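Source file: my_file_28.cif. Holds: mmCIF, C-alpha atoms and all ligand atoms.
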data_work
#
loop_
_atom_site.group_PDB
_atom_site.id
_atom_site.type_symbol
_atom_site.label_atom_id
_atom_site.label_comp_id
_atom_site.auth_asym_id
_atom_site.auth_seq_id
_atom_site.Cartn_x
_atom_site.Cartn_y
_atom_site.Cartn_z
ATOM 1 C CA MET A 1 -56.657 264.685 -12.703
ATOM 2 C CA ASN A 2 -57.384 261.572 -10.648
ATOM 3 C CA TYR A 3 -56.266 260.993 -7.082
ATOM 4 C CA TYR A 4 -53.250 258.805 -7.905
ATOM 5 C CA THR A 5 -51.918 261.207 -10.532
ATOM 6 C CA ARG A 6 -52.134 264.046 -8.008
ATOM 7 C CA LEU A 7 -50.593 261.896 -5.277
ATOM 8 C CA LYS A 8 -47.632 260.935 -7.444
ATOM 9 C CA GLY A 9 -47.229 264.482 -8.773
ATOM 10 C CA HIS A 10 -47.281 266.070 -5.341
ATOM 11 C CA PHE A 11 -44.942 263.499 -3.804
ATOM 12 C CA TYR A 12 -42.492 263.944 -6.682
ATOM 13 C CA THR A 13 -42.609 267.775 -6.460
ATOM 14 C CA ILE A 14 -41.998 268.049 -2.717
ATOM 15 C CA THR A 15 -39.333 265.333 -2.715
ATOM 16 C CA LYS A 16 -37.436 266.881 -5.616
ATOM 17 C CA HIS A 17 -37.528 270.266 -3.843
ATOM 18 C CA LYS A 18 -36.374 268.680 -0.603
ATOM 19 C CA ILE A 19 -33.394 266.907 -2.203
ATOM 20 C CA LEU A 20 -32.255 270.064 -4.038
ATOM 21 C CA VAL A 21 -32.521 272.215 -0.889
ATOM 22 C CA MET A 22 -30.670 269.526 1.068
ATOM 23 C CA ASN A 23 -27.777 269.645 -1.417
ATOM 24 C CA ALA A 24 -27.662 273.447 -1.212
ATOM 25 C CA CYS A 25 -27.782 273.379 2.614
ATOM 26 C CA PHE A 26 -24.941 270.843 2.728
ATOM 27 C CA LYS A 27 -22.784 273.185 0.628
ATOM 28 C CA CYS A 28 -23.423 275.833 3.284
ATOM 29 C CA HIS A 29 -22.603 273.284 6.027
ATOM 30 C CA LEU A 30 -26.172 273.275 7.349
ATOM 31 C CA PHE A 31 -26.340 269.492 7.739
ATOM 32 C CA LYS A 32 -29.175 269.052 10.216
ATOM 33 C CA GLN A 33 -31.300 271.707 8.521
ATOM 34 C CA GLY A 34 -30.627 270.134 5.136
ATOM 35 C CA ILE A 35 -32.042 266.837 6.371
ATOM 36 C CA PHE A 36 -35.055 268.300 8.194
ATOM 37 C CA HIS A 37 -35.941 271.016 5.651
ATOM 38 C CA ASP A 38 -39.717 271.139 4.973
ATOM 39 C CA LEU A 39 -40.248 267.720 6.595
ATOM 40 C CA SER A 40 -43.726 268.816 7.734
ATOM 41 C CA LYS A 41 -44.847 268.592 4.084
ATOM 42 C CA TYR A 42 -45.021 264.833 4.730
ATOM 43 C CA SER A 43 -47.309 265.252 7.753
ATOM 44 C CA LEU A 44 -50.889 264.041 7.208
ATOM 45 C CA ILE A 45 -52.428 267.503 7.257
ATOM 46 C CA GLU A 46 -50.020 269.127 4.785
ATOM 47 C CA PHE A 47 -49.635 266.103 2.546
ATOM 48 C CA ASN A 48 -53.364 265.393 2.163
ATOM 49 C CA LEU A 49 -54.174 269.018 1.359
ATOM 50 C CA GLY A 50 -51.216 269.150 -1.038
ATOM 51 C CA VAL A 51 -52.598 266.148 -2.943
ATOM 52 C CA LYS A 52 -56.157 267.485 -2.854
ATOM 53 C CA TYR A 53 -55.165 270.859 -4.377
ATOM 54 C CA TYR A 54 -52.329 269.659 -6.628
ATOM 55 C CA GLU A 55 -52.325 271.174 -10.133
ATOM 56 C CA GLY A 56 -48.715 270.772 -11.226
ATOM 57 C CA PHE A 57 -47.934 274.320 -12.319
ATOM 58 C CA ARG A 58 -48.218 276.233 -9.016
ATOM 59 C CA SER A 59 -48.227 275.565 -5.298
ATOM 60 C CA PRO A 60 -51.306 273.705 -3.993
ATOM 61 C CA ILE A 61 -51.333 276.352 -1.250
ATOM 62 C CA ASP A 62 -52.388 278.973 -3.844
ATOM 63 C CA LYS A 63 -55.208 276.744 -5.056
ATOM 64 C CA GLU A 64 -56.347 275.999 -1.492
ATOM 65 C CA LYS A 65 -56.417 279.741 -0.739
ATOM 66 C CA GLU A 66 -58.374 280.415 -3.925
ATOM 67 C CA HIS A 67 -60.945 277.783 -2.954
ATOM 68 C CA ASN A 68 -61.332 278.450 0.748
ATOM 69 C CA ASN A 69 -59.814 281.915 1.270
ATOM 70 C CA ILE A 70 -57.446 280.258 3.726
ATOM 71 C CA SER A 71 -54.745 277.604 3.499
ATOM 72 C CA ILE A 72 -54.685 275.314 6.510
ATOM 73 C CA ALA A 73 -51.662 273.550 4.961
ATOM 74 C CA TRP A 74 -49.712 276.818 4.878
ATOM 75 C CA LEU A 75 -50.652 277.817 8.434
ATOM 76 C CA HIS A 76 -49.394 274.414 9.578
ATOM 77 C CA HIS A 77 -46.274 274.712 7.404
ATOM 78 C CA LYS A 78 -45.142 278.157 8.538
ATOM 79 C CA GLY A 79 -45.809 277.194 12.153
ATOM 80 C CA HIS A 80 -43.410 274.249 11.910
ATOM 81 C CA ASN A 81 -40.587 275.593 9.719
ATOM 82 C CA LYS A 82 -38.215 278.204 11.116
ATOM 83 C CA HIS A 83 -36.752 279.163 7.725
ATOM 84 C CA HIS A 84 -39.997 281.014 6.947
ATOM 85 C CA TRP A 85 -40.060 284.551 8.359
ATOM 86 C CA GLU A 86 -43.793 284.100 9.013
ATOM 87 C CA TYR A 87 -42.800 281.674 11.788
ATOM 88 C CA TRP A 88 -41.184 284.530 13.735
ATOM 89 C CA ILE A 89 -44.054 287.038 13.724
ATOM 90 C CA ASP A 90 -45.527 287.517 17.183
ATOM 91 C CA ARG A 91 -47.206 290.171 19.305
ATOM 92 C CA LYS A 92 -45.827 292.575 21.873
ATOM 93 C CA GLY A 93 -48.521 294.423 23.781
ATOM 94 C CA LYS A 94 -51.022 295.561 21.198
ATOM 95 C CA GLU A 95 -48.600 295.528 18.277
ATOM 96 C CA LEU A 96 -47.393 292.834 15.934
ATOM 97 C CA TYR A 97 -43.733 292.163 16.628
ATOM 98 C CA VAL A 98 -41.022 290.948 14.256
ATOM 99 C CA ASN A 99 -38.600 288.686 16.130
ATOM 100 C CA GLN A 100 -34.963 288.442 15.119
ATOM 101 C CA ILE A 101 -34.424 285.327 12.977
ATOM 102 C CA PRO A 102 -31.248 283.329 13.848
ATOM 103 C CA LEU A 103 -28.723 283.535 10.993
ATOM 104 C CA LYS A 104 -28.777 279.795 10.255
ATOM 105 C CA TYR A 105 -32.457 280.033 9.247
ATOM 106 C CA ILE A 106 -31.784 283.022 6.994
ATOM 107 C CA LYS A 107 -29.126 280.865 5.297
ATOM 108 C CA GLU A 108 -31.625 278.002 4.904
ATOM 109 C CA SER A 109 -34.140 280.466 3.480
ATOM 110 C CA VAL A 110 -31.570 281.602 0.889
ATOM 111 C CA CYS A 111 -31.041 277.951 -0.176
ATOM 112 C CA ASP A 112 -34.829 277.490 -0.363
ATOM 113 C CA ARG A 113 -35.257 280.642 -2.480
ATOM 114 C CA VAL A 114 -32.530 279.698 -4.950
ATOM 115 C CA VAL A 115 -34.018 276.213 -5.468
ATOM 116 C CA ALA A 116 -37.624 277.472 -5.690
ATOM 117 C CA SER A 117 -36.635 280.179 -8.223
ATOM 118 C CA LYS A 118 -34.910 277.525 -10.336
ATOM 119 C CA ILE A 119 -37.956 275.251 -10.314
ATOM 120 C CA TYR A 120 -40.413 278.054 -11.139
ATOM 121 C CA GLN A 121 -38.317 279.881 -13.726
ATOM 122 C CA LYS A 122 -36.833 276.845 -15.487
ATOM 123 C CA GLN A 123 -34.850 278.022 -18.567
ATOM 124 C CA ASN A 124 -35.316 281.675 -17.578
ATOM 125 C CA TYR A 125 -33.453 281.157 -14.295
ATOM 126 C CA THR A 126 -30.295 283.199 -13.736
ATOM 127 C CA ASP A 127 -28.070 283.847 -10.696
ATOM 128 C CA ALA A 128 -30.112 287.039 -10.196
ATOM 129 C CA SER A 129 -33.507 285.280 -9.977
ATOM 130 C CA ALA A 130 -33.685 284.698 -6.221
ATOM 131 C CA PHE A 131 -32.319 288.195 -5.554
ATOM 132 C CA ASN A 132 -34.886 289.831 -7.863
ATOM 133 C CA PHE A 133 -37.738 287.807 -6.427
ATOM 134 C CA TYR A 134 -36.773 288.891 -2.920
ATOM 135 C CA MET A 135 -36.297 292.557 -3.821
ATOM 136 C CA ASN A 136 -39.548 292.798 -5.788
ATOM 137 C CA GLY A 137 -41.589 290.864 -3.238
ATOM 138 C CA SER A 138 -43.065 291.951 0.057
ATOM 139 C CA ASP A 139 -40.967 289.642 2.254
ATOM 140 C CA GLN A 140 -38.511 292.314 3.316
ATOM 141 C CA HIS A 141 -41.214 294.420 4.965
ATOM 142 C CA HIS A 142 -41.647 291.884 7.735
ATOM 143 C CA ILE A 143 -38.128 291.043 8.819
ATOM 144 C CA SER A 144 -35.761 292.994 11.071
ATOM 145 C CA GLU A 145 -33.104 295.379 9.706
ATOM 146 C CA VAL A 146 -30.337 292.951 10.702
ATOM 147 C CA ASN A 147 -32.046 290.052 8.913
ATOM 148 C CA LYS A 148 -32.697 292.275 5.867
ATOM 149 C CA LYS A 149 -29.011 293.027 5.573
ATOM 150 C CA GLN A 150 -28.045 289.349 5.925
ATOM 151 C CA MET A 151 -30.555 288.287 3.275
ATOM 152 C CA TYR A 152 -29.433 291.083 0.938
ATOM 153 C CA ASP A 153 -25.721 290.293 1.407
ATOM 154 C CA MET A 154 -26.129 286.611 0.579
ATOM 155 C CA LEU A 155 -28.604 286.909 -2.300
ATOM 156 C CA SER A 156 -26.695 289.765 -3.949
ATOM 157 C CA TYR A 157 -23.450 287.766 -3.639
ATOM 158 C CA ILE A 158 -25.053 284.881 -5.530
ATOM 159 C CA LYS A 159 -26.324 287.365 -8.126
ATOM 160 C CA ASP A 160 -22.826 288.850 -8.614
ATOM 161 C CA TYR A 161 -20.559 285.810 -8.228
ATOM 162 C CA GLY A 162 -22.760 282.792 -8.979
ATOM 163 C CA GLU A 163 -23.972 279.891 -6.937
ATOM 164 C CA LYS A 164 -20.720 278.028 -6.381
ATOM 165 C CA GLN A 165 -18.930 281.032 -4.901
ATOM 166 C CA GLY A 166 -22.179 282.076 -3.250
ATOM 167 C CA PHE A 167 -22.617 278.912 -1.196
ATOM 168 C CA LYS A 168 -18.991 279.169 -0.079
ATOM 169 C CA MET A 169 -19.601 282.723 1.056
ATOM 170 C CA ILE A 170 -22.781 281.692 2.908
ATOM 171 C CA LYS A 171 -20.957 278.860 4.689
ATOM 172 C CA ASP A 172 -18.506 281.369 6.195
ATOM 173 C CA TYR A 173 -20.917 284.311 6.577
ATOM 174 C CA GLN A 174 -21.162 285.527 10.188
HETATM 175 ZN ZN ZN A 201 -40.765 275.569 3.698
#

Show how you would write the structure in this file as structure tokens.
Ligand SMILES: [Zn+2]
Amino acid sequence: MNYYTRLKGHFYTITKHKILVMNACFKCHLFKQGIFHDLSKYSLIEFNLGVKYYEGFRSPIDKEKEHNNISIAWLHHKGHNKHHWEYWIDRKGKELYVNQIPLKYIKESVCDRVVASKIYQKQNYTDASAFNFYMNGSDQHHISEVNKKQMYDMLSYIKDYGEKQGFKMIKDYQ
């Protein structure tokens, strides 16, 4: 794939994701977060690496990790985006410490997960996709008990009642 094909492909992918997450965030009344979601993907460091490792069927971060054993784009991304739990990991004394994530970022993360599941699963996507991905993944090992419950409540509601009702529930969830 030549440079311009990768450039166009990557720009299209991240912009499509951004617009879909923005719509979902707006339904949950997260207006500012909807607008700023994943904006760092357009920074020079993340964008250039995204284009360099673009393949079209998976995240360029996976390819960058495969190549270099490390993704500089991802380290930059998770350091600038509070809806990723990796942002909140710190150290207390000698131990790693899991900070409490404010609820509004858990809500943004739910929107992100629903949209990402849809894009990856295409015709196989169901209301249970984001819930299953979360439950089968390792994400829940690194967030607090309170955040786990919030994430579970919202994703399982979408699984049981669908997206439309789900976003309404998330808007009002305290
Ligand atoms: Zn992100």

Requested in this report: Go through the shown structure with the PyMOL selection byres (((chain A and resi 118-135) around 8) and not hetatm) and write out the matching residues as number ranges by chain.
Outcome: A: 113-117, 136-140, 152, 155-156, 158-160, 162-163

Requested in this report: Check what the PyMOL selection byres (((chain A and resi 25) around 12) and not hetatm) selects in the file above and give those residues as a count of residues only.
Outcome: 37

Specify the axis-aligned box that encloses all atoms of range 63-72 of chain A listed in the file after padding of 5 Å on each side, stating its centre and edge lengths in Å to one decimal as AutoDock Vina command-line options.
--center_x -58.0 --center_y 278.6 --center_z 0.7 --size_x 16.6 --size_y 16.6 --size_z 21.6

Ligand ZN 201 (chain A): which residues are within 9 Å, counting only C-alpha atoms and all ligand atoms? Reply as a short mmCIF file (atom, residue, chain, number, x, y, z; two decimals) with C-alpha atoms, in the frame of the given file.
data_model
loop_
_atom_site.label_atom_id
_atom_site.label_comp_id
_atom_site.auth_asym_id
_atom_site.auth_seq_id
_atom_site.Cartn_x
_atom_site.Cartn_y
_atom_site.Cartn_z
CA HIS A 37 -35.94 271.02 5.65
CA ASP A 38 -39.72 271.14 4.97
CA LEU A 39 -40.25 267.72 6.60
CA SER A 40 -43.73 268.82 7.73
CA LYS A 41 -44.85 268.59 4.08
CA HIS A 77 -46.27 274.71 7.40
CA LYS A 78 -45.14 278.16 8.54
CA HIS A 80 -43.41 274.25 11.91
CA ASN A 81 -40.59 275.59 9.72
CA LYS A 82 -38.22 278.20 11.12
CA HIS A 83 -36.75 279.16 7.72
CA HIS A 84 -40.00 281.01 6.95
CA SER A 109 -34.14 280.47 3.48
CA ASP A 112 -34.83 277.49 -0.36
#

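Distance check against Tyr12 in chain A using all atoms listed in the file: of A:Ile61, A:Asp172, A:Lys148, A:Phe47, the minimum falls on A:Phe47.
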
Report task. Using CA of Phe57 in chain A and CA of Met154 in chain A as the two end points, give the distance in Å to one decimal. Result ->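 Between CA of Phe57 in chain A and CA of Met154 in chain A the gap works out to 28.2 Å.
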
Query raised in the report: Do you know which residues are at most 12 Å from Leu96 in chain A counting only C-alpha atoms, after dropping those on the same chain fewer than 6 positions away, and could you put them as number ranges by chain?
Result: A: 86, 88-90, 142-143

Report task. Provide the CA of Met151 in chain A to CA of Thr13 in chain A distance in Å, to one decimal place. Result -> 25.7 Å

**Report entry** Among the residues A:Tyr157, A:Phe11, A:Lys94, A:Glu46, the one that comes closest to Gly79 in chain A [using only C-alpha atoms]
**Finding:** A:Glu46

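When CA of Leu44 in chain A is paired with CA of His76 in chain A, their separation reads 10.7 Å.
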
Query - Spatial neighbours of Glu55 in chain A, 12 Å, all atoms listed in the file, chain gap at least 4 places, as a PyMOL selection string - result: chain A and resi 1-3+5-10+13+49-51+59-64

Query raised in the report: Which residues, protein or nucleic acid, reach to within 9 Å of (-38.6, 291.0, 19.0) in the file's coordinates when using only C-alpha atoms, and can you give that as an MDAnalysis selection string?
Result: chainID A and resid 88:92 97:100 144

Where atoms are absent from range 40-51 of chain A, fill them in so it carries N, CA, C and O atoms, then output it as a PDB file, in the coordinates of the input.
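Dumped to out33.pdb:
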ATOM      1  N   SER A  40     -42.290 268.790   7.395  1.00  0.00           N
ATOM      2  CA  SER A  40     -43.726 268.816   7.734  1.00  0.00           C
ATOM      3  C   SER A  40     -44.616 268.668   6.500  1.00  0.00           C
ATOM      4  O   SER A  40     -45.809 268.424   6.630  1.00  0.00           O
ATOM      5  N   LYS A  41     -44.042 268.811   5.296  1.00  0.00           N
ATOM      6  CA  LYS A  41     -44.847 268.592   4.084  1.00  0.00           C
ATOM      7  C   LYS A  41     -45.311 267.133   3.986  1.00  0.00           C
ATOM      8  O   LYS A  41     -46.232 266.830   3.246  1.00  0.00           O
ATOM      9  N   TYR A  42     -44.630 266.250   4.745  1.00  0.00           N
ATOM     10  CA  TYR A  42     -45.021 264.833   4.730  1.00  0.00           C
ATOM     11  C   TYR A  42     -45.957 264.497   5.894  1.00  0.00           C
ATOM     12  O   TYR A  42     -46.329 263.336   6.058  1.00  0.00           O
ATOM     13  N   SER A  43     -46.320 265.500   6.692  1.00  0.00           N
ATOM     14  CA  SER A  43     -47.309 265.252   7.753  1.00  0.00           C
ATOM     15  C   SER A  43     -48.669 265.047   7.096  1.00  0.00           C
ATOM     16  O   SER A  43     -48.905 265.511   5.971  1.00  0.00           O
ATOM     17  N   LEU A  44     -49.578 264.351   7.798  1.00  0.00           N
ATOM     18  CA  LEU A  44     -50.889 264.041   7.208  1.00  0.00           C
ATOM     19  C   LEU A  44     -51.603 265.297   6.735  1.00  0.00           C
ATOM     20  O   LEU A  44     -52.116 265.351   5.617  1.00  0.00           O
ATOM     21  N   ILE A  45     -51.636 266.311   7.580  1.00  0.00           N
ATOM     22  CA  ILE A  45     -52.428 267.503   7.257  1.00  0.00           C
ATOM     23  C   ILE A  45     -51.893 268.204   6.005  1.00  0.00           C
ATOM     24  O   ILE A  45     -52.644 268.519   5.088  1.00  0.00           O
ATOM     25  N   GLU A  46     -50.577 268.429   5.947  1.00  0.00           N
ATOM     26  CA  GLU A  46     -50.020 269.127   4.785  1.00  0.00           C
ATOM     27  C   GLU A  46     -50.036 268.243   3.538  1.00  0.00           C
ATOM     28  O   GLU A  46     -50.334 268.716   2.435  1.00  0.00           O
ATOM     29  N   PHE A  47     -49.718 266.974   3.724  1.00  0.00           N
ATOM     30  CA  PHE A  47     -49.635 266.103   2.546  1.00  0.00           C
ATOM     31  C   PHE A  47     -51.011 265.903   1.902  1.00  0.00           C
ATOM     32  O   PHE A  47     -51.162 266.050   0.684  1.00  0.00           O
ATOM     33  N   ASN A  48     -52.024 265.620   2.713  1.00  0.00           N
ATOM     34  CA  ASN A  48     -53.364 265.393   2.163  1.00  0.00           C
ATOM     35  C   ASN A  48     -53.908 266.622   1.436  1.00  0.00           C
ATOM     36  O   ASN A  48     -54.493 266.505   0.358  1.00  0.00           O
ATOM     37  N   LEU A  49     -53.704 267.798   2.020  1.00  0.00           N
ATOM     38  CA  LEU A  49     -54.174 269.018   1.359  1.00  0.00           C
ATOM     39  C   LEU A  49     -53.367 269.297   0.094  1.00  0.00           C
ATOM     40  O   LEU A  49     -53.901 269.766  -0.906  1.00  0.00           O
ATOM     41  N   GLY A  50     -52.071 268.982   0.141  1.00  0.00           N
ATOM     42  CA  GLY A  50     -51.216 269.150  -1.038  1.00  0.00           C
ATOM     43  C   GLY A  50     -51.708 268.298  -2.199  1.00  0.00           C
ATOM     44  O   GLY A  50     -51.743 268.759  -3.349  1.00  0.00           O
ATOM     45  N   VAL A  51     -52.092 267.052  -1.898  1.00  0.00           N
ATOM     46  CA  VAL A  51     -52.598 266.148  -2.943  1.00  0.00           C
ATOM     47  C   VAL A  51     -53.957 266.646  -3.437  1.00  0.00           C
ATOM     48  O   VAL A  51     -54.216 266.714  -4.636  1.00  0.00           O
TER      49      VAL A  51
END
